[in-house]
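Contents: one structure, followed by commentary.
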Amino acid sequence: MGNASTRRLVYAILLLAYLLHNDLWLWHDSRIILGLPVGLLYHVGFCAAASVILYLLIRFCWPLPQQPSPAAAGTSHKDEAQP
Amino acid sequence: MIIPIIFVYLALVILVGSLSHRLFRGTGEDYFVATRSIGPFVLLMSLFGTNMTAFALLGASGEAYHEGIGVFTLMASSSALIIPSVFFFVGTRLWAIGKREGYITQVQYFRARWGSDRLGLLLFVVLVGLVVPYLLIGVMAGGVTLNQVTDGQIPEWLGGLIICAVVLTYVSTSGLRATAWVNTFQTLVFMILGAVAFVVITRKLGGLSQGLERVMETHPELLIRGDHIKPLQLLTYTCIPLSVGMFPHMFMHWLSARRAEAFRFPLKVYPLCIAAVWVPSVLLGVLGRVDFPELTVGEANSVLVKMITLHSPEIVAGLLAAGVLAAVMSSLDSQFLSLGSMFTADIVRHYGFHDRMSERAQVRAGRLFVVGLVAVIYVLSLVTDRSIFKLAVWSFTGFASLFPVVAAALFWKRSTKYGAYASILSVVVLWIYFFRLGWESPGYTLGGTGVMPVAFILGVSALSMIVVSLLTQPPAESVLRKFFPSS
């Protein structure tokens with residue numbers, strides 16, 4: 001869990017990503033880059049960036065108190081059902 | 001050859017459901033929330049498989065056929081950021097409250113949060129009503145897929161019926177545990193076979209680059225957003241993924257998590273899974289414009305299946321069609337189950353019918369409710385000829401517009417039941433109004449500006465919640481202590 005300023009920074013990155021989703025500058029760009037139309041490639045990259053942002057949120061802004069691991073709490077893993 | 005492959009696949013799905021039945025513990029909590037025992041990987045597959053429906057495969061490719069690559073921008077990349085963020089901010093908190101208070105449905109939570117029985121009943125009716133168009137696209141997609149891939153040997157009416165019967169069979173067996181495991185199996189199937197379909201088809205076209213060159217020559221407008229999408233449309237479409245915050249079937253899957261930490265892996269991987277499924281769907285829809293240039297809006301729903309049958313050997317086509325069915329069924333099952341759970345918990349048990357009914361009879365009542373609802377949806381699927389994408393967007397619009405209800409319940413102590421009433425009723429009135437306009441002119445935006453109705457309804461819904469809550473009496477201290485114990 002990060003301190004307050006780190007958390008604010010991660011939330012700011014989240015907001016920035018939301019704004020950058022609106023890539024007006026690629027609206028009429030028909031170039032093919034890395035085998036994909038650039039307007040599509042940008043948003044594939046956006047998905048990868050979203051994954052990183054979620055990592056940061058989990059790392060620094062986790063909303064719930066940490067729970068002890070099942071092993072530490074003395075419970076077994078049997079509940080992780082297998083078919 | 002295709003028909004036997006498909007029937008073998010459907011039998012496999014029922015088999016996986018039956019195998020997971022061995023783990024069924026015979027209790028109501030196990031049937032409805034798998035005794036809150038699901039780990040990170042199955043949780044990811046359940047959440048993702050449930051959310052990736054006919055909309056992501058047939059809907060996305062059908063829409064991209066007409067509108068081009070911008071479809072990915074509208075729904076996929078925005079969802080990649082917003083959906084896991086909603087899981088993060090809303091899902092984890094609801095999981096904690098659900099575990100602490102023993103809830104299995106949303107209505108139980110909202111009813112207790114604002115201390116209002118009638119509010120719960122209103123929400124029940126609204127949520128069930130909004131699930132109808134979502135279920136409708138699943139049944140339609142099942143019929144379309146089986147019809148197209150068998151070259152008309154299985155008519156659409158029979159295809160839809162088969163899919164409904166298979167899903168109802170394994171959902172009835174052992175509830176959420178079967179649903180989670182079948183979802184895991186089917187999500188892997190449609191992700192792997194989706195990738196295979198993409199590779200097989202693009203190789204047949206001489207590679208993706210060559211395929212895109214052909215599109216560039218004949219329909220260059222499909223490779224840019226251009227006039228297909230307005231900037232305001234892109235901005236306001238980002239409201240749509242908020243719908244996951246109010247989906248009954250999402251709530252049910254959140255509650256199934258073993259620990260809060262089980263959310264971490266799904267949250268990080270979810271955006272990548274979205275890209276893995278949507279990129280091939282959108283590109284195949286765009287490439288399909290060259291091979292099938294004159295499809296209408298309704299016909300474009302099946303462009304993906306048409307591409308598969310045109311470019312793949314028969315055996316591969318059968319497997320790939322099974323992948324499409326997997327995506328369809330992995331959503332229908334959770335939706336069926338959540339409706340059954342809601343009817344059992346929020347109507348049968350809540351209104352005291354359980355005094356006169358055994359636990360088994362209560363679950364049976366839930367199943368009968370689902371069968372009745374599915375019958376109505378099945379009939380609707382026979383007479384509906386609309387874009388799967390646009391039908392789904394209307395369902396999502398309603399759920400997304402209800403987002404202020406869950407946000408206020410979790411984050412705003414001062415919110416009141418009257419605020420929640422005002423918010424829900426404003427959504428009902430405005431949704432019906434805009435749905436009528438959208439039905440008459442598909443692709444409707446506010447005043448032709450590109451602003452999606454969802455942005456307007458969401459704004460009014462939030463405003464109604466705030467204004468009416470502030471004008472009415474604050475909630476009791478005892479309620480606040482229960483739901484905000486740390487403050």
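Chain lettering (A, B, ...) mirrors the order of the structure tokens, residue numbering begins at 1 for each chain separately, and ligand numbering begins at 1 in order of display.
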- Message: Set the distance at 6 Å and use only C-alpha atoms: which residues neighbour segment 17-34 of chain A once local chain neighbours fewer than 2 positions away are removed? I'd like the list as a PyMOL selection string.
- Response: (chain A and resi 14-15+36-39) or (chain B and resi 224-226)
File of the preceding selection, N, CA and C atoms, as an mmCIF file, in the first residue's frame:
```
data_model
loop_
_atom_site.group_PDB
_atom_site.id
_atom_site.type_symbol
_atom_site.label_atom_id
_atom_site.label_comp_id
_atom_site.auth_asym_id
_atom_site.auth_seq_id
_atom_site.Cartn_x
_atom_site.Cartn_y
_atom_site.Cartn_z
ATOM 1 N N LEU A 14 -4.483 7.238 -13.885
ATOM 2 C CA LEU A 14 -5.737 6.640 -14.355
ATOM 3 C C LEU A 14 -6.562 7.670 -15.123
ATOM 4 N N LEU A 15 -6.656 8.859 -14.579
ATOM 5 C CA LEU A 15 -7.417 9.930 -15.230
ATOM 6 C C LEU A 15 -6.775 10.316 -16.564
ATOM 7 N N LEU A 36 -0.780 -3.344 -38.639
ATOM 8 C CA LEU A 36 -2.141 -2.972 -38.219
ATOM 9 C C LEU A 36 -2.419 -1.510 -38.561
ATOM 10 N N PRO A 37 -3.684 -1.164 -38.839
ATOM 11 C CA PRO A 37 -4.018 0.256 -39.003
ATOM 12 C C PRO A 37 -3.620 1.000 -37.730
ATOM 13 N N VAL A 38 -3.032 2.182 -37.879
ATOM 14 C CA VAL A 38 -2.455 2.851 -36.709
ATOM 15 C C VAL A 38 -3.511 3.176 -35.642
ATOM 16 N N GLY A 39 -4.748 3.462 -36.105
ATOM 17 C CA GLY A 39 -5.834 3.757 -35.164
ATOM 18 C C GLY A 39 -6.184 2.544 -34.305
ATOM 19 N N ILE B 224 -10.034 3.581 -40.902
ATOM 20 C CA ILE B 224 -9.939 4.779 -40.042
ATOM 21 C C ILE B 224 -11.286 4.977 -39.348
ATOM 22 N N ARG B 225 -11.298 5.868 -38.358
ATOM 23 C CA ARG B 225 -12.601 6.150 -37.752
ATOM 24 C C ARG B 225 -13.396 7.104 -38.642
ATOM 25 N N GLY B 226 -12.713 8.107 -39.194
ATOM 26 C CA GLY B 226 -13.312 9.024 -40.160
ATOM 27 C C GLY B 226 -14.689 9.507 -39.762
#
```
- segment 48-281 of chain B: which residues are alpha helix (DSSP H) by DSSP, as a ChimeraX atom specification? /B:48-51,54,60-67,70-71,78-86,92-101,106-114,117-149,156-204,208-218,231-237,248-255,264-281
- Compute the chain B side of the contact with chain A at 7 Å, counting only C-alpha atoms, and hand it back as a ChimeraX atom specification. /B:19-20,37-39,69,73,77,80-81,209,223-226,234-235,264,267-269,271-272,275
With C-alpha atoms retained, could you export that selection as a PDB file, in the first residue's frame?
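out-v8.pdb, written as the output of this step:
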```pdb
ATOM      1  CA  LEU B  19     -18.161 -33.322 -13.347  1.00  0.00           C
ATOM      2  CA  SER B  20     -18.279 -30.131 -11.345  1.00  0.00           C
ATOM      3  CA  SER B  37     -14.435 -20.615  -2.803  1.00  0.00           C
ATOM      4  CA  ILE B  38     -13.300 -19.617  -6.306  1.00  0.00           C
ATOM      5  CA  GLY B  39      -9.591 -18.888  -6.824  1.00  0.00           C
ATOM      6  CA  ILE B  69     -11.777  -0.459 -36.849  1.00  0.00           C
ATOM      7  CA  THR B  73     -11.910   1.964 -29.881  1.00  0.00           C
ATOM      8  CA  SER B  77     -10.039  -0.396 -25.308  1.00  0.00           C
ATOM      9  CA  ALA B  80      -9.978  -2.633 -20.983  1.00  0.00           C
ATOM     10  CA  LEU B  81      -9.485   0.323 -18.640  1.00  0.00           C
ATOM     11  CA  SER B 209      -1.200  -7.332 -44.692  1.00  0.00           C
ATOM     12  CA  LEU B 223      -9.404   1.393 -41.672  1.00  0.00           C
ATOM     13  CA  ILE B 224      -9.939   4.779 -40.042  1.00  0.00           C
ATOM     14  CA  ARG B 225     -12.601   6.150 -37.752  1.00  0.00           C
ATOM     15  CA  GLY B 226     -13.312   9.024 -40.160  1.00  0.00           C
ATOM     16  CA  LEU B 234     -16.102   8.024 -28.542  1.00  0.00           C
ATOM     17  CA  LEU B 235     -15.999  10.106 -25.373  1.00  0.00           C
ATOM     18  CA  ARG B 264      -5.610  -9.246  -8.228  1.00  0.00           C
ATOM     19  CA  LEU B 267      -7.661  -7.320 -12.716  1.00  0.00           C
ATOM     20  CA  LYS B 268      -4.190  -7.218 -14.259  1.00  0.00           C
ATOM     21  CA  VAL B 269      -4.847  -9.726 -17.039  1.00  0.00           C
ATOM     22  CA  PRO B 271      -7.246  -5.777 -20.376  1.00  0.00           C
ATOM     23  CA  LEU B 272      -4.942  -8.139 -22.277  1.00  0.00           C
ATOM     24  CA  ALA B 275      -7.407  -7.185 -26.752  1.00  0.00           C
TER      25      ALA B 275
END
```
- Message: Rounded to one decimal, what separation in Å do you get between atom CA of Leu373 of chain B and atom CA of Met342 of chain B?
- Response: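 Atom CA of Met342 of chain B lies at a distance of 12.9 Å from atom CA of Leu373 of chain B.
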Could you give me, as a tab-separated table, every segment 213-285 of chain B residue with an atom at most 9 Å from segment 185-206 of chain B, plus its closest atom pair and distance in Å to one decimal, counting only C-alpha atoms, rows ordered by chain then number?
```
residue	atom	partner	partner_atom	distance
B:Cys273	CA	B:Met191	CA	8.4
B:Ala276	CA	B:Met191	CA	7.5
B:Val277	CA	B:Met191	CA	6.4
B:Pro280	CA	B:Phe198	CA	5.9
B:Ser281	CA	B:Gly194	CA	8.1
B:Leu283	CA	B:Phe198	CA	8.7
B:Leu284	CA	B:Phe198	CA	7.2
```
Output file for the residues above (C-alpha atoms, as a PDB file, in the first residue's frame):
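What follows is the written file out.pdb:
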```pdb
ATOM      1  CA  CYS B 273      -7.698 -10.734 -22.641  1.00  0.00           C
ATOM      2  CA  ALA B 276      -6.822 -10.871 -27.530  1.00  0.00           C
ATOM      3  CA  VAL B 277     -10.502 -11.449 -28.305  1.00  0.00           C
ATOM      4  CA  PRO B 280      -9.370 -10.723 -34.308  1.00  0.00           C
ATOM      5  CA  SER B 281     -13.152 -10.133 -34.167  1.00  0.00           C
ATOM      6  CA  LEU B 283     -10.343  -7.371 -38.122  1.00  0.00           C
ATOM      7  CA  LEU B 284     -12.309 -10.368 -39.413  1.00  0.00           C
TER       8      LEU B 284
END
```
- Message: I'd like the contact shell of segment 423-429 of chain B - 9 Å cut-off, only C-alpha atoms, skipping same-chain residues fewer than 2 positions apart - returned as a ChimeraX atom specification.
- Response: /B:122-123,126,398,401-402,404-405,418-421,431-434,457-458,460-466,468
- Message: Env of segment 299-308 of chain B: 9 Å cut, atoms = only C-alpha atoms, seq-sep filter 4 positions within chain, self excluded. Answer as a ChimeraX atom specification.
- Response: /B:57-63,65-66,141,144-145,148-149,197-198,200-201,281,284-285,287-289,291-292,295,312-313,316-317,320-321,324,385-389
- Item | Those of segment 7-73 of chain A in DSSP strand (DSSP E or B), formatted as a ChimeraX atom specification | /A:32-33,36-37
